[in-house]
Amino acid sequence: MDLSAADVVGELKVLRKGRGIFTTPLADRVGPALRATCGILEDDDSVEMRRKLTDRLRPLVESLPDDLKIALRAAFALDERARKPFYQERVHWAAITLDRDDRTVRRRIDEGIEQVAAMAVAAGAPDLRPRYPSRSWHTEELRVTLALDQPVAEAFEFRRVVADADEIAELDLALTLTAAGESGHSVRESDLAVDVFHGGVLAGRAMESSDRVGLALRLPEPLRRGERHDIGLRFRANMREPHYICVPRHPCDLFDLHVRFGDRVPDRIVRLEKAFQNDTRSPRGELLETDDSGEVHVRFRHLAPGFAYGIRWQPGGAG
């Protein structure tokens, strides 16, 4: 559909009522303009709709001046401190935070909504088509949370796949545990612990190369072309190299990575994007900083199969 800023403004003013993005059922509050703007699909449930709304709105809101930013965070309940059940309560919270009266905050919210709508329309609707063709299946979303502040590094992986052909009964997955060249230690299949939380049964695992463990995940039932399926996995392994990267063998539309270092914050963290896998030990890229929780968050879109995406770090004195 052709996006109109006026339509997006109207729907955002409806969305801000009640509990904002935490309204249930959310589908009743999200019209066609917001669905197109945020890439919301017809079969998305409330949780998925809320995530897509947040992913689309938050960066736009964060780009606004501070007063508008605070006002809109409150309006849509994007700020945890302002997640109150009624819109007028959130307005009042913003008024106290900004040291303004409620009427002024309402004007700020209206102004901010118009700017967000204009930016959203200028950016256009997200392209939901995979950029790289696939004859079997591709990953629509890959979300990984990696905790390095545990006795053994632990990663939770939540993946949504889309069948690009009929009768997709098994997914071929893999994870690389790169062995440091000077270590003299080879990687064994038993070095990687894998647990399936939902979405299938681990039907096989084997070494595909000297450091890459291949996994076969049998699905509950074969997928037909266009069908989506969610899986949840947990990986545990000792990190042999100071990096975590995704090197997709199938196309991947979105890779979202949270890494928690905790108190062991590295001296240097670099973002890797479309890097050659054998060049990740001396990377060039954007420098990243951890937040107050000792975490970094990176996101990549339209990953090209065979290239590396993720982060690499240089351990600090405490690490």
# chains A, B, ... in the order shown; residues from 1 in each chain; ligands from 1
$ select_by_dssp --residues "stretch 86-314 of chain A" --states "alpha helix (DSSP H)" --output "PyMOL selection string"
chain A and resi 87-98+102-123
$ residues_around --residues "stretch 253-257 of chain A" --least-positions-apart "6" --cutoff "8 Å" --atoms "only C-alpha atoms" --output "VMD selection string"
chain A and resid 130 to 131 139 to 146 297 to 303 310
$ select_by_dssp --residues "stretch 57-235 of chain A" --states "strand (DSSP E or B)" --output "ChimeraX atom specification"
/A:137-147,154-163,168-176,193-198,201-207,212-223,228-235
$ closest_residue --among "A:Arg51, A:Arg135, A:Arg160, A:Arg271" --to "A:Glu227" --atoms "only C-alpha atoms"
A:Arg160
$ residues_around --residues "stretch 15-31 of chain A" --least-positions-apart "6" --cutoff "6 Å" --atoms "only C-alpha atoms" --output "JSON, numbers by chain"
{"A": [46, 75, 76, 77, 85, 86, 87]}
